>>> print(open('data.pdb').read())   # PDB, C-alpha atoms
ATOM      1  CA  MET P 513      92.654 123.216  92.117
ATOM      2  CA  SER P 514      93.448 119.555  92.393
ATOM      3  CA  GLY P 515      91.872 116.138  92.545
ATOM      4  CA  GLU P 516      93.383 112.886  93.710
ATOM      5  CA  VAL P 517      92.518 109.236  93.321
ATOM      6  CA  ASP P 518      93.875 106.482  95.551
ATOM      7  CA  ARG P 519      92.446 103.120  94.527
ATOM      8  CA  ILE P 520      93.333  99.463  94.359
ATOM      9  CA  TYR P 521      92.643  97.883  90.972
ATOM     10  CA  ASN P 522      92.337  94.295  89.847
ATOM     11  CA  CYS P 523      94.497  94.417  86.727
ATOM     12  CA  GLY P 524      93.614  90.849  85.844
ATOM     13  CA  GLU P 525      90.126  91.873  84.698
ATOM     14  CA  ASN P 526      90.816  94.599  82.128
ATOM     15  CA  GLY P 527      94.582  95.016  82.247
ATOM     16  CA  ARG P 528      96.925  97.613  83.641
ATOM     17  CA  GLY P 529      96.170 100.152  80.894
ATOM     18  CA  ALA P 530      92.479 100.251  81.797
ATOM     19  CA  ALA P 531      93.333 100.736  85.475
ATOM     20  CA  ILE P 532      95.669 103.615  84.634
ATOM     21  CA  GLU P 533      93.093 105.293  82.395
ATOM     22  CA  ASP P 534      90.378 104.918  85.038
ATOM     23  CA  ALA P 535      92.547 106.478  87.760
ATOM     24  CA  ARG P 536      93.585 109.283  85.401
ATOM     25  CA  SER P 537      89.983 110.047  84.427
ATOM     26  CA  ARG P 538      88.822 110.011  88.036
ATOM     27  CA  ALA P 539      91.604 112.365  89.152
ATOM     28  CA  ILE P 540      90.838 114.806  86.340
ATOM     29  CA  GLN P 541      87.127 114.733  87.177
ATOM     30  CA  ALA P 542      87.903 115.258  90.873
ATOM     31  CA  ALA P 543      89.939 118.362  89.996
ATOM     32  CA  ILE P 544      87.091 119.700  87.849
ATOM     33  CA  ASP P 545      84.588 118.969  90.624
ATOM     34  CA  ALA P 546      86.836 120.914  93.022
ATOM     35  CA  GLY P 547      86.614 123.956  90.727
ATOM     36  CA  ALA P 548      89.411 123.551  88.184
ATOM     37  CA  ASP P 549      88.954 124.838  84.636
ATOM     38  CA  GLN P 550      88.514 121.706  82.515
ATOM     39  CA  SER P 551      90.766 123.002  79.716
ATOM     40  CA  SER P 552      93.703 123.503  82.108
ATOM     41  CA  VAL P 553      93.641 120.200  84.019
ATOM     42  CA  THR P 554      96.680 117.957  83.680
ATOM     43  CA  VAL P 555      98.005 114.933  85.560
ATOM     44  CA  MET P 556     100.973 115.970  87.671
ATOM     45  CA  THR P 557     101.673 112.967  89.877
ATOM     46  CA  TRP P 558     101.385 109.259  89.208
ATOM     47  CA  ARG P 559     102.450 106.480  91.541
ATOM     48  CA  THR P 560     101.816 102.772  91.552
ATOM     49  CA  TYR P 561     102.415 100.779  94.708
ATOM     50  CA  PRO P 562     102.546  96.987  94.613
ATOM     51  CA  SER P 563     100.019  95.242  96.790
ATOM     52  CA  ASN P 564     101.285  93.087  99.635
ATOM     53  CA  THR P 565      98.479  90.602  99.157
ATOM     54  CA  CYS P 566      98.107  90.155  95.406
ATOM     55  CA  ARG P 567     100.424  91.007  92.515
ATOM     56  CA  ARG P 568      97.490  91.758  90.233
ATOM     57  CA  ARG P 569      96.103  94.469  92.519
ATOM     58  CA  PRO P 570      98.406  97.477  92.540
ATOM     59  CA  ALA P 571      97.396 100.658  94.322
ATOM     60  CA  ASN P 572      97.397 103.618  91.953
ATOM     61  CA  VAL P 573      97.652 107.181  93.198
ATOM     62  CA  CYS P 574      97.035 109.894  90.625
ATOM     63  CA  ARG P 575      96.871 113.674  91.167
ATOM     64  CA  ALA P 576      95.561 116.143  88.596
ATOM     65  CA  ILE P 577      95.740 119.919  88.876
ATOM     66  CA  GLY P 578      94.295 122.875  86.991
ATOM     67  CA  ASP P 579      93.633 126.598  87.145
ATOM     68  CA  LEU P 580      90.665 127.834  89.149
ATOM     69  CA  ALA P 581      87.624 128.105  86.888
ATOM     70  CA  ALA P 582      85.992 131.505  86.570
ATOM     71  CA  ILE P 583      82.664 131.277  88.336
ATOM     72  CA  GLY P 584      79.878 133.603  87.281
ATOM     73  CA  VAL P 585      82.055 135.761  85.033
ATOM     74  CA  GLY P 586      79.931 137.798  82.647
ATOM     75  CA  SER P 587      76.647 136.812  84.259
ATOM     76  CA  SER P 588      74.240 139.416  85.540
ATOM     77  CA  GLY P 589      72.122 138.826  88.514
TER      78      GLY P 589
END
>>> encode(input="data.pdb", output="structure tokens")
Amino acid sequence: MSGEVDRIYNCGENGRGAAIEDARSRAIQAAIDAGADQSSVTVMTWRTYPSNTCRRRPANVCRAIGDLAAIGVGSSG
């Protein structure tokens, strides 16, 4: 299962590191929301594209993937 984030960040507010961490966290959560097992999720793709309009606003694309979570295993009913 995978999750992807494609966002434009204003790095002037909190810095590039905060933008990277936010995109990473969102991609991981998107993969989990899509059904990935939380313990297996890892970031596989990271790209930063410069903005044509403002140097402080790069577009970050982050993709996280993980194994399909077992749904309902061991439950009765």
>>> atom_distance(input="data.pdb", atom1="CA of Ile532 in chain P", atom2="CA of Asp549 in chain P")
22.3 Å
>>> residues_around(input="data.pdb", residues="range 520-523 of chain P", least_positions_apart="6", cutoff="7 Å", atoms="only C-alpha atoms", output="ChimeraX atom specification")
/P:531,568-572
>>> residues_around(input="data.pdb", residues="Ala546 in chain P", least_positions_apart="3", cutoff="12 Å", atoms="only C-alpha atoms", output="list in words")
Met513, Ser514, Gly515, Glu516, Ala539, Ile540, Gln541, Ala542, Ala543, Asp549, Gln550, Val553, Ala576, Ile577, Gly578, Asp579, Leu580 and Ala581 of chain P
>>> resolve_selection(input="data.pdb", expression="the PyMOL selection byres ((chain P and resi 535) around 8)", output="MDAnalysis selection string")
chainID P and resid 517:519 531:534 536:539 572:574
>>> atom_distance(input="data.pdb", atom1="CA of Glu525 in chain P", atom2="CA of Trp558 in chain P")
21.2 Å
>>> atom_distance(input="data.pdb", atom1="CA of Gly524 in chain P", atom2="CA of Pro562 in chain P")
13.9 Å
